[in-house]
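**Q** Structure file model-v6.txt (compact mmCIF, C-alpha atoms) right here:
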```
# COMPACT_ATOMS: atom_id res chain seq x y z
CA MET A 1 -31.07 -199.43 -43.41
CA ASN A 2 -33.23 -198.20 -40.51
CA THR A 3 -31.15 -195.69 -38.57
CA GLN A 4 -34.03 -195.09 -36.17
CA HIS A 5 -33.91 -198.63 -34.78
CA PRO A 6 -30.34 -200.00 -34.65
CA ALA A 7 -30.08 -203.76 -35.20
CA GLU A 8 -29.27 -206.06 -32.31
CA ARG A 9 -25.77 -207.31 -33.04
CA ILE A 10 -23.78 -210.05 -31.33
CA LEU A 11 -20.72 -207.99 -30.52
CA LEU A 12 -17.69 -210.31 -30.70
CA GLY A 13 -15.20 -207.72 -31.89
CA PRO A 14 -12.55 -205.78 -29.98
CA GLY A 15 -15.25 -203.74 -28.22
CA PRO A 16 -17.79 -202.61 -27.33
CA SER A 17 -18.97 -205.90 -25.86
CA PRO A 18 -22.62 -206.98 -25.47
CA VAL A 19 -24.45 -205.02 -22.75
CA PRO A 20 -26.83 -206.89 -20.39
CA SER A 21 -30.45 -205.67 -20.31
CA ARG A 22 -30.01 -204.87 -16.61
CA VAL A 23 -27.37 -202.29 -17.52
CA LEU A 24 -29.45 -200.81 -20.33
CA ARG A 25 -32.43 -200.49 -17.96
CA ALA A 26 -30.21 -198.67 -15.44
CA LEU A 27 -29.45 -196.05 -18.12
CA GLY A 28 -33.15 -195.18 -18.21
CA ALA A 29 -33.47 -194.25 -14.51
CA PRO A 30 -34.42 -190.62 -13.72
CA THR A 31 -31.59 -188.15 -14.25
CA LEU A 32 -30.45 -186.41 -11.07
CA GLY A 33 -28.30 -183.33 -10.60
CA HIS A 34 -24.55 -184.01 -10.34
CA LEU A 35 -24.45 -182.50 -6.81
CA ASP A 36 -27.70 -184.14 -5.63
CA PRO A 37 -26.91 -186.06 -2.41
CA GLN A 38 -28.50 -189.19 -3.89
CA TYR A 39 -26.30 -188.99 -7.00
CA VAL A 40 -23.18 -188.34 -4.91
CA ALA A 41 -24.00 -191.49 -2.90
CA ILE A 42 -24.35 -193.48 -6.15
CA MET A 43 -21.04 -192.10 -7.42
CA ASP A 44 -19.33 -193.05 -4.14
CA GLU A 45 -20.70 -196.60 -4.54
CA VAL A 46 -19.29 -196.77 -8.06
CA CYS A 47 -15.85 -195.65 -6.86
CA GLU A 48 -15.88 -198.27 -4.07
CA MET A 49 -16.92 -201.01 -6.50
CA LEU A 50 -14.15 -199.94 -8.88
CA ARG A 51 -11.64 -200.32 -6.03
CA GLN A 52 -12.84 -203.90 -5.58
CA VAL A 53 -12.53 -204.68 -9.28
CA PHE A 54 -9.10 -203.01 -9.59
CA ARG A 55 -8.12 -204.76 -6.31
CA THR A 56 -6.85 -201.57 -4.75
CA LYS A 57 -7.32 -199.43 -1.67
CA ASN A 58 -6.42 -196.26 -3.63
CA ALA A 59 -8.79 -193.50 -2.48
CA LEU A 60 -8.43 -191.75 -5.84
CA THR A 61 -10.22 -194.34 -7.97
CA PHE A 62 -13.00 -192.95 -10.13
CA PRO A 63 -14.57 -193.01 -13.63
CA VAL A 64 -13.24 -190.29 -15.94
CA SER A 65 -15.96 -188.75 -18.12
CA GLY A 66 -15.01 -190.08 -21.55
CA THR A 67 -14.11 -193.39 -23.21
CA GLY A 68 -10.97 -195.47 -22.49
CA MET A 69 -8.65 -193.06 -24.25
CA ALA A 70 -9.75 -190.27 -21.88
CA GLY A 71 -8.30 -192.47 -19.13
CA MET A 72 -4.98 -192.70 -20.98
CA GLU A 73 -4.94 -188.95 -21.51
CA CYS A 74 -5.96 -188.23 -17.89
CA ILE A 75 -3.02 -190.19 -16.50
CA ALA A 76 -0.57 -188.71 -19.02
CA VAL A 77 -1.49 -185.05 -18.53
CA ASN A 78 -1.47 -185.31 -14.73
CA LEU A 79 1.82 -187.17 -14.34
CA ILE A 80 3.85 -185.53 -17.12
CA GLU A 81 5.28 -182.01 -17.30
CA PRO A 82 7.01 -180.58 -20.37
CA GLY A 83 10.64 -181.74 -20.50
CA ASP A 84 10.08 -184.97 -18.54
CA GLU A 85 11.62 -188.20 -19.77
CA VAL A 86 9.47 -191.34 -19.83
CA ILE A 87 9.73 -194.92 -21.09
CA VAL A 88 6.85 -196.42 -23.07
CA CYS A 89 6.60 -200.06 -24.14
CA VAL A 90 5.39 -200.41 -27.73
CA ASN A 91 4.29 -203.75 -29.20
CA GLY A 92 1.05 -202.71 -30.89
CA VAL A 93 -1.31 -199.84 -31.64
CA PHE A 94 -2.08 -198.87 -28.04
CA GLY A 95 1.54 -198.76 -26.88
CA GLY A 96 2.13 -196.51 -29.90
CA ARG A 97 -0.83 -194.37 -28.91
CA MET A 98 0.47 -194.02 -25.35
CA LYS A 99 3.80 -192.84 -26.77
CA ASP A 100 1.99 -190.28 -28.95
CA VAL A 101 -0.16 -188.98 -26.06
CA MET A 102 2.87 -188.61 -23.76
CA GLU A 103 4.85 -186.80 -26.46
CA ARG A 104 1.92 -184.38 -26.82
CA CYS A 105 2.31 -183.67 -23.08
CA GLY A 106 5.86 -182.46 -23.79
CA ALA A 107 7.70 -185.61 -22.68
CA THR A 108 10.76 -187.10 -24.32
CA VAL A 109 9.62 -190.69 -24.84
CA HIS A 110 12.11 -193.55 -24.96
CA ALA A 111 10.35 -196.48 -26.66
CA VAL A 112 11.02 -200.09 -25.65
CA GLU A 113 9.83 -202.13 -28.60
CA ALA A 114 8.88 -205.72 -29.38
CA ALA A 115 7.43 -207.26 -32.53
CA TRP A 116 3.65 -207.05 -32.85
CA GLY A 117 2.16 -210.07 -31.12
CA ASP A 118 5.14 -210.45 -28.77
CA VAL A 119 5.36 -209.21 -25.19
CA ILE A 120 8.00 -206.91 -23.68
CA ALA A 121 10.72 -208.67 -21.67
CA PHE A 122 11.44 -207.23 -18.22
CA ASP A 123 15.18 -207.11 -18.97
CA GLN A 124 14.43 -204.77 -21.91
CA ILE A 125 12.68 -202.42 -19.49
CA ALA A 126 15.50 -202.69 -16.92
CA ALA A 127 18.06 -201.87 -19.65
CA ALA A 128 16.02 -198.81 -20.74
CA LEU A 129 15.84 -197.59 -17.12
CA ASP A 130 19.63 -197.97 -16.82
CA GLN A 131 20.10 -196.10 -20.09
CA HIS A 132 17.64 -193.31 -19.18
CA PRO A 133 17.97 -192.88 -15.39
CA LYS A 134 15.92 -189.64 -15.36
CA SER A 135 12.79 -191.45 -16.59
CA LYS A 136 9.77 -190.46 -14.52
CA LEU A 137 7.55 -193.39 -15.45
CA VAL A 138 7.26 -196.60 -17.42
CA GLY A 139 4.04 -196.97 -19.43
CA ILE A 140 2.96 -200.44 -20.52
CA VAL A 141 -0.16 -202.05 -22.03
CA HIS A 142 -1.46 -205.05 -20.05
CA ALA A 143 -3.83 -206.20 -22.81
CA GLU A 144 -2.73 -205.07 -26.29
CA THR A 145 -6.06 -205.07 -28.13
CA SER A 146 -4.46 -204.70 -31.56
CA THR A 147 -2.48 -207.96 -31.33
CA GLY A 148 -4.31 -209.96 -28.63
CA ALA A 149 -1.10 -210.20 -26.56
CA LEU A 150 -1.25 -210.49 -22.76
CA GLN A 151 1.67 -208.69 -21.13
CA PRO A 152 2.98 -210.17 -17.84
CA LEU A 153 3.14 -207.49 -15.11
CA GLU A 154 3.80 -209.27 -11.82
CA GLY A 155 7.28 -208.34 -10.56
CA LEU A 156 7.72 -205.39 -12.94
CA ALA A 157 7.06 -202.76 -10.25
CA GLU A 158 10.14 -203.83 -8.27
CA ILE A 159 12.34 -203.06 -11.30
CA VAL A 160 10.58 -199.74 -12.02
CA HIS A 161 10.41 -198.51 -8.42
CA GLY A 162 14.05 -199.53 -7.90
CA LYS A 163 14.94 -196.78 -10.38
CA GLY A 164 12.60 -194.23 -8.79
CA ALA A 165 10.04 -194.34 -11.62
CA LEU A 166 6.27 -194.89 -11.62
CA LEU A 167 4.52 -197.86 -13.23
CA VAL A 168 1.60 -196.82 -15.48
CA VAL A 169 -0.67 -199.50 -16.94
CA ASP A 170 -3.26 -199.64 -19.73
CA ALA A 171 -5.88 -202.20 -18.63
CA VAL A 172 -8.61 -201.29 -21.11
CA THR A 173 -9.18 -204.86 -22.33
CA SER A 174 -8.24 -206.70 -19.14
CA LEU A 175 -10.14 -205.09 -16.22
CA GLY A 176 -12.87 -207.53 -15.15
CA GLY A 177 -11.69 -210.30 -17.49
CA HIS A 178 -8.09 -211.06 -16.54
CA GLU A 179 -6.25 -211.31 -13.26
CA LEU A 180 -5.24 -207.77 -12.31
CA LYS A 181 -4.02 -206.73 -8.85
CA VAL A 182 -3.20 -203.04 -8.66
CA ASP A 183 -1.91 -203.01 -5.07
CA ASP A 184 -0.20 -206.41 -5.01
CA TRP A 185 1.55 -205.69 -8.32
CA GLY A 186 2.66 -202.19 -7.29
CA ILE A 187 0.88 -200.36 -10.11
CA ASP A 188 1.00 -196.57 -9.51
CA ALA A 189 -1.57 -195.37 -12.07
CA ILE A 190 -3.94 -197.39 -14.22
CA TYR A 191 -6.79 -196.76 -16.64
CA SER A 192 -9.46 -198.84 -18.34
CA GLY A 193 -12.74 -198.48 -20.23
CA THR A 194 -16.33 -199.49 -19.47
CA GLN A 195 -17.09 -201.08 -22.85
CA LYS A 196 -14.86 -204.16 -22.74
CA CYS A 197 -14.97 -206.78 -19.94
CA LEU A 198 -17.26 -204.67 -17.74
CA SER A 199 -19.98 -204.90 -20.45
CA CYS A 200 -21.22 -201.34 -20.02
CA PRO A 201 -21.76 -198.92 -22.93
CA PRO A 202 -18.69 -196.85 -23.88
CA GLY A 203 -18.50 -193.48 -22.15
CA LEU A 204 -16.51 -193.75 -18.92
CA ALA A 205 -12.86 -194.58 -18.21
CA PRO A 206 -12.13 -196.03 -14.76
CA VAL A 207 -8.77 -194.80 -13.39
CA SER A 208 -6.86 -195.29 -10.16
CA PHE A 209 -3.93 -193.31 -8.76
CA GLY A 210 -1.72 -194.62 -5.95
CA ASP A 211 0.23 -192.65 -3.35
CA ARG A 212 3.43 -192.44 -5.43
CA ALA A 213 1.50 -191.00 -8.37
CA LEU A 214 -0.28 -188.50 -6.10
CA ALA A 215 3.08 -187.35 -4.68
CA VAL A 216 4.35 -186.72 -8.23
CA MET A 217 1.18 -184.79 -9.09
CA ASP A 218 1.37 -182.72 -5.90
CA ALA A 219 4.98 -181.79 -6.70
CA ARG A 220 4.14 -180.37 -10.17
CA LYS A 221 5.65 -177.02 -11.06
CA THR A 222 3.30 -176.38 -13.99
CA LYS A 223 -0.47 -176.46 -14.43
CA VAL A 224 -1.97 -179.63 -15.93
CA GLN A 225 -2.38 -178.84 -19.64
CA SER A 226 -5.96 -180.16 -19.70
CA TRP A 227 -8.55 -178.34 -17.61
CA TYR A 228 -11.17 -181.07 -18.11
CA LEU A 229 -8.87 -183.88 -16.95
CA ASP A 230 -7.01 -182.02 -14.17
CA VAL A 231 -7.07 -184.40 -11.19
CA SER A 232 -6.08 -181.63 -8.73
CA MET A 233 -9.60 -180.28 -9.36
CA LEU A 234 -11.41 -183.57 -10.09
CA ARG A 235 -10.39 -185.05 -6.74
CA LYS A 236 -12.27 -182.24 -4.96
CA TYR A 237 -15.41 -183.48 -6.70
CA TYR A 238 -14.84 -187.24 -6.33
CA LEU A 239 -13.32 -187.20 -2.83
CA GLY A 240 -14.72 -183.94 -1.43
CA GLY A 241 -12.99 -182.31 1.52
CA GLY A 242 -13.65 -179.88 4.33
CA GLY A 243 -16.00 -177.83 2.17
CA GLY A 244 -17.81 -180.85 0.69
CA ARG A 245 -17.98 -181.62 -3.02
CA VAL A 246 -16.68 -178.97 -5.37
CA TYR A 247 -18.37 -178.73 -8.79
CA HIS A 248 -15.97 -179.31 -11.68
CA HIS A 249 -17.97 -180.50 -14.70
CA THR A 250 -21.37 -182.13 -15.11
CA ALA A 251 -20.80 -185.85 -14.67
CA PRO A 252 -22.52 -188.26 -17.12
CA ILE A 253 -25.25 -189.12 -14.62
CA ASN A 254 -27.03 -191.94 -16.43
CA MET A 255 -23.75 -193.55 -17.54
CA THR A 256 -22.79 -193.66 -13.86
CA TYR A 257 -26.00 -195.60 -13.16
CA ALA A 258 -25.10 -198.00 -15.96
CA LEU A 259 -21.58 -198.50 -14.61
CA ARG A 260 -22.91 -199.15 -11.11
CA GLU A 261 -25.17 -201.90 -12.47
CA ALA A 262 -22.38 -203.37 -14.62
CA LEU A 263 -20.01 -203.46 -11.61
CA ALA A 264 -22.74 -205.03 -9.47
CA ILE A 265 -23.01 -207.84 -12.05
CA VAL A 266 -19.21 -208.32 -11.98
CA LEU A 267 -19.14 -208.53 -8.18
CA GLU A 268 -22.21 -210.82 -8.01
CA GLU A 269 -20.45 -213.29 -10.29
CA GLY A 270 -17.23 -212.86 -8.32
CA LEU A 271 -13.93 -211.76 -9.85
CA GLU A 272 -12.31 -215.20 -9.59
CA ALA A 273 -15.28 -216.93 -11.22
CA ARG A 274 -15.47 -214.29 -13.93
CA ILE A 275 -11.78 -214.61 -14.77
CA ALA A 276 -12.13 -218.42 -14.85
CA ARG A 277 -15.09 -218.10 -17.26
CA HIS A 278 -12.98 -215.98 -19.62
CA VAL A 279 -10.22 -218.63 -19.51
CA GLN A 280 -12.69 -221.45 -20.31
CA MET A 281 -14.35 -219.58 -23.20
CA HIS A 282 -10.96 -218.67 -24.68
CA GLN A 283 -9.90 -222.34 -24.52
CA ARG A 284 -13.18 -223.46 -26.12
CA LEU A 285 -12.81 -220.94 -28.96
CA ARG A 286 -9.14 -221.72 -29.44
CA ALA A 287 -9.75 -225.47 -29.69
CA GLY A 288 -12.46 -224.87 -32.32
CA LEU A 289 -10.35 -222.47 -34.37
CA GLU A 290 -7.26 -224.68 -34.26
CA ALA A 291 -9.40 -227.66 -35.36
CA MET A 292 -10.25 -225.53 -38.42
CA GLY A 293 -6.54 -224.96 -39.07
CA ILE A 294 -6.63 -221.34 -37.88
CA SER A 295 -3.66 -220.18 -35.76
CA TYR A 296 -3.20 -217.42 -33.21
CA VAL A 297 -1.00 -214.34 -33.75
CA PRO A 298 0.40 -213.91 -30.19
CA LYS A 299 2.32 -216.52 -28.22
CA HIS A 300 0.79 -215.18 -24.97
CA SER A 301 -2.86 -214.70 -25.92
CA LEU A 302 -5.44 -212.67 -24.10
CA HIS A 303 -8.50 -214.65 -23.06
CA THR A 304 -10.66 -211.62 -23.72
CA LEU A 305 -9.47 -210.83 -27.27
CA ASN A 306 -8.44 -213.57 -29.71
CA CYS A 307 -6.21 -212.33 -32.53
CA ILE A 308 -5.97 -214.96 -35.29
CA HIS A 309 -4.27 -215.24 -38.67
CA ILE A 310 -6.71 -214.96 -41.58
CA PRO A 311 -6.59 -218.38 -43.32
CA ALA A 312 -4.95 -218.46 -46.76
CA GLY A 313 -7.39 -217.65 -49.55
CA ALA A 314 -10.07 -216.23 -47.25
CA ASP A 315 -11.62 -212.86 -48.12
CA ASP A 316 -11.02 -210.60 -45.11
CA ALA A 317 -13.69 -207.90 -45.58
CA GLY A 318 -16.09 -210.30 -47.36
CA THR A 319 -16.03 -212.80 -44.48
CA ARG A 320 -16.64 -210.11 -41.86
CA LYS A 321 -19.44 -208.62 -43.99
CA ARG A 322 -21.18 -212.00 -44.30
CA LEU A 323 -20.85 -212.69 -40.58
CA LEU A 324 -22.50 -209.32 -39.90
CA GLU A 325 -25.25 -209.54 -42.52
CA GLU A 326 -26.14 -213.25 -42.27
CA TYR A 327 -25.52 -213.93 -38.59
CA GLY A 328 -25.55 -210.47 -36.98
CA ILE A 329 -22.05 -211.18 -35.60
CA GLU A 330 -19.40 -208.49 -35.43
CA ILE A 331 -15.73 -209.52 -35.34
CA GLY A 332 -12.81 -207.10 -35.67
CA ALA A 333 -10.42 -206.48 -38.55
CA GLY A 334 -6.66 -206.28 -38.08
CA LEU A 335 -5.21 -202.94 -37.00
CA GLY A 336 -1.99 -201.24 -38.14
CA VAL A 337 0.52 -203.75 -39.52
CA MET A 338 -2.08 -206.49 -38.92
CA ALA A 339 -4.59 -204.94 -41.35
CA GLY A 340 -5.71 -207.57 -43.87
CA LYS A 341 -3.71 -210.26 -42.03
CA ALA A 342 -5.68 -210.87 -38.83
CA TRP A 343 -9.15 -211.06 -37.33
CA ARG A 344 -9.90 -210.15 -33.72
CA ILE A 345 -12.62 -212.07 -31.89
CA GLY A 346 -13.60 -210.57 -28.55
CA LEU A 347 -14.99 -212.74 -25.74
CA MET A 348 -15.50 -210.05 -23.16
CA GLY A 349 -17.76 -209.85 -20.14
CA HIS A 350 -21.39 -210.59 -21.04
CA GLY A 351 -20.27 -211.83 -24.48
CA SER A 352 -17.96 -214.55 -23.15
CA THR A 353 -20.41 -217.46 -23.28
CA VAL A 354 -20.62 -221.02 -24.65
CA ARG A 355 -23.46 -219.89 -26.92
CA ASN A 356 -21.38 -217.14 -28.52
CA VAL A 357 -18.26 -219.29 -28.87
CA ASP A 358 -20.15 -222.10 -30.61
CA LEU A 359 -22.13 -219.63 -32.72
CA VAL A 360 -19.07 -217.78 -34.05
CA LEU A 361 -17.27 -221.07 -34.76
CA THR A 362 -20.25 -222.47 -36.69
CA ALA A 363 -20.82 -219.21 -38.59
CA LEU A 364 -17.13 -218.88 -39.49
CA LYS A 365 -17.03 -222.51 -40.66
CA ASN A 366 -20.06 -221.95 -42.90
CA VAL A 367 -18.79 -218.67 -44.35
CA LEU A 368 -15.30 -220.05 -45.01
CA LYS A 369 -16.76 -223.05 -46.94
```
Would you mind giving the structure from this file in structure tokens?

**A**
Amino acid sequence: MNTQHPAERILLGPGPSPVPSRVLRALGAPTLGHLDPQYVAIMDEVCEMLRQVFRTKNALTFPVSGTGMAGMECIAVNLIEPGDEVIVCVNGVFGGRMKDVMERCGATVHAVEAAWGDVIAFDQIAAALDQHPKSKLVGIVHAETSTGALQPLEGLAEIVHGKGALLVVDAVTSLGGHELKVDDWGIDAIYSGTQKCLSCPPGLAPVSFGDRALAVMDARKTKVQSWYLDVSMLRKYYLGGGGGRVYHHTAPINMTYALREALAIVLEEGLEARIARHVQMHQRLRAGLEAMGISYVPKHSLHTLNCIHIPAGADDAGTRKRLLEEYGIEIGAGLGVMAGKAWRIGLMGHGSTVRNVDLVLTALKNVLK
């Protein structure tokens, strides 16, 4: 194994996704200082492009320094104070992780649960809000990467806002690959990651905070428990003010270049066209898998992440090992209660192509023989 020169893999797992050469080249541009006017201009461009991809006018939209989970943590620590009550929807690993993170912030978390692979019904959430009227927010995962389930969101904000709570969304595996409308859907705070449908290396977590979320943050009585993720300070760097940009921490300069290039590729393709491509590739993969007698775990499947039952008699780890060694293809194992029972095939961003769909189907067919 040559650790000096990593192999080129075809990344069709739950992330990271394949990164276009344009994005990798952008990483190699000269490093600037994080307060250099040229870098600040680049960062502003990135934030504006993120607004377009999130479909929001929220001024406070920026990439958190850290992978997708830093986005989850950033939203949790800024919106929650010790003693708050919150509702979190749990139907997989990442809903469970959101619950854990919010409990660590000192919140009492009321879980609304559904079986793994199922989605959360809006009436379950409405009932939880009636039962726990002091709840400050409802946290929900749009794209549950552990089960491949796509959670409907349109219309949920009306229920949540009607009870005076905020709507917080995990869009790690949906941003740039599924329809997502932050403003139209009334989402108050949202986070994602660069390494899924945006096809950028892992390392930044796009977030966006709306006016309701900002009002809650401005009304805090306690300091944000995390210095690094404290938005009251970060916004002075990302948005500036009367005194210009205020240094907080050294931003990951070259990763910002990479994200700018990745977002440029998204916007060149066009969001509608990109989403349609993900739909078509999912349908192509699904038809091929079902022709092989392989069924899907969720009833409402993501287009970006295909969670399938391992066929009877197939060797889970052995199949994945052969795909990696013989074909250079990475697919994902099952997580949590799905371990040993499911495979996860990602068709995200740059990886969501006819070539990759047909390649993984052919390789899987050959290995399963």

**Q** Select, from A:Ala128, A:Val216, A:Glu45, A:Ala59, the residue with the minimum atom-to-atom distance to Val77 (chain A), counting all atoms listed in the file.

**A**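 Checking each of A:Ala128, A:Val216, A:Glu45, A:Ala59 against Val77 (chain A), counting all atoms listed in the file, the winner is A:Val216.
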
**Q** Distance CA of Pro298 (chain A)-CA of Arg344 (chain A), one decimal place?

**A**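 Answer for the CA of Pro298 (chain A) to CA of Arg344 (chain A) separation: 11.5 Å.
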
**Q** Considering only C-alpha atoms, state which residue in the set A:Ile125, A:Val53, A:Ile10, A:Val297 is at the smallest distance from Glu269 (chain A).

**A** A:Val53

**Q** What does the distance from CA of Leu198 (chain A) to CA of His249 (chain A) come to in Å, to one decimal?

**A**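 Distance between the two atoms: 24.4 Å.
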
**Q** Need to verify the contact set: Asn254 (chain A), 9 Å, only C-alpha atoms, exclusion of same-chain residues closer than 6 positions in sequence. Can you return it as a PyMOL selection string?

**A** chain A and resi 26-32

**Q** Generate a file of the selected residues that holds C-alpha atoms, formatted as an mmCIF file, in the coordinates of the input.

**A**
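What ended up in result.cif:
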```
data_model
loop_
_atom_site.group_PDB
_atom_site.id
_atom_site.type_symbol
_atom_site.label_atom_id
_atom_site.label_comp_id
_atom_site.auth_asym_id
_atom_site.auth_seq_id
_atom_site.Cartn_x
_atom_site.Cartn_y
_atom_site.Cartn_z
ATOM 1 C CA ALA A 26 -30.210 -198.670 -15.440
ATOM 2 C CA LEU A 27 -29.450 -196.050 -18.120
ATOM 3 C CA GLY A 28 -33.150 -195.180 -18.210
ATOM 4 C CA ALA A 29 -33.470 -194.250 -14.510
ATOM 5 C CA PRO A 30 -34.420 -190.620 -13.720
ATOM 6 C CA THR A 31 -31.590 -188.150 -14.250
ATOM 7 C CA LEU A 32 -30.450 -186.410 -11.070
#
```

**Q** Can you pull out the residues contacting Gly336 (chain A)? Cut-off 9 Å, using all atoms listed in the file, and skip same-chain residues under 4 positions away; I want them as a PDB file with C-alpha atoms, in the coordinates of the input.

**A**
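Generated file (out29.pdb):
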```pdb
ATOM      1  CA  GLY A  92       1.050-202.710 -30.890  1.00  0.00           C
ATOM      2  CA  VAL A  93      -1.310-199.840 -31.640  1.00  0.00           C
ATOM      3  CA  SER A 146      -4.460-204.700 -31.560  1.00  0.00           C
TER       4      SER A 146
END
```
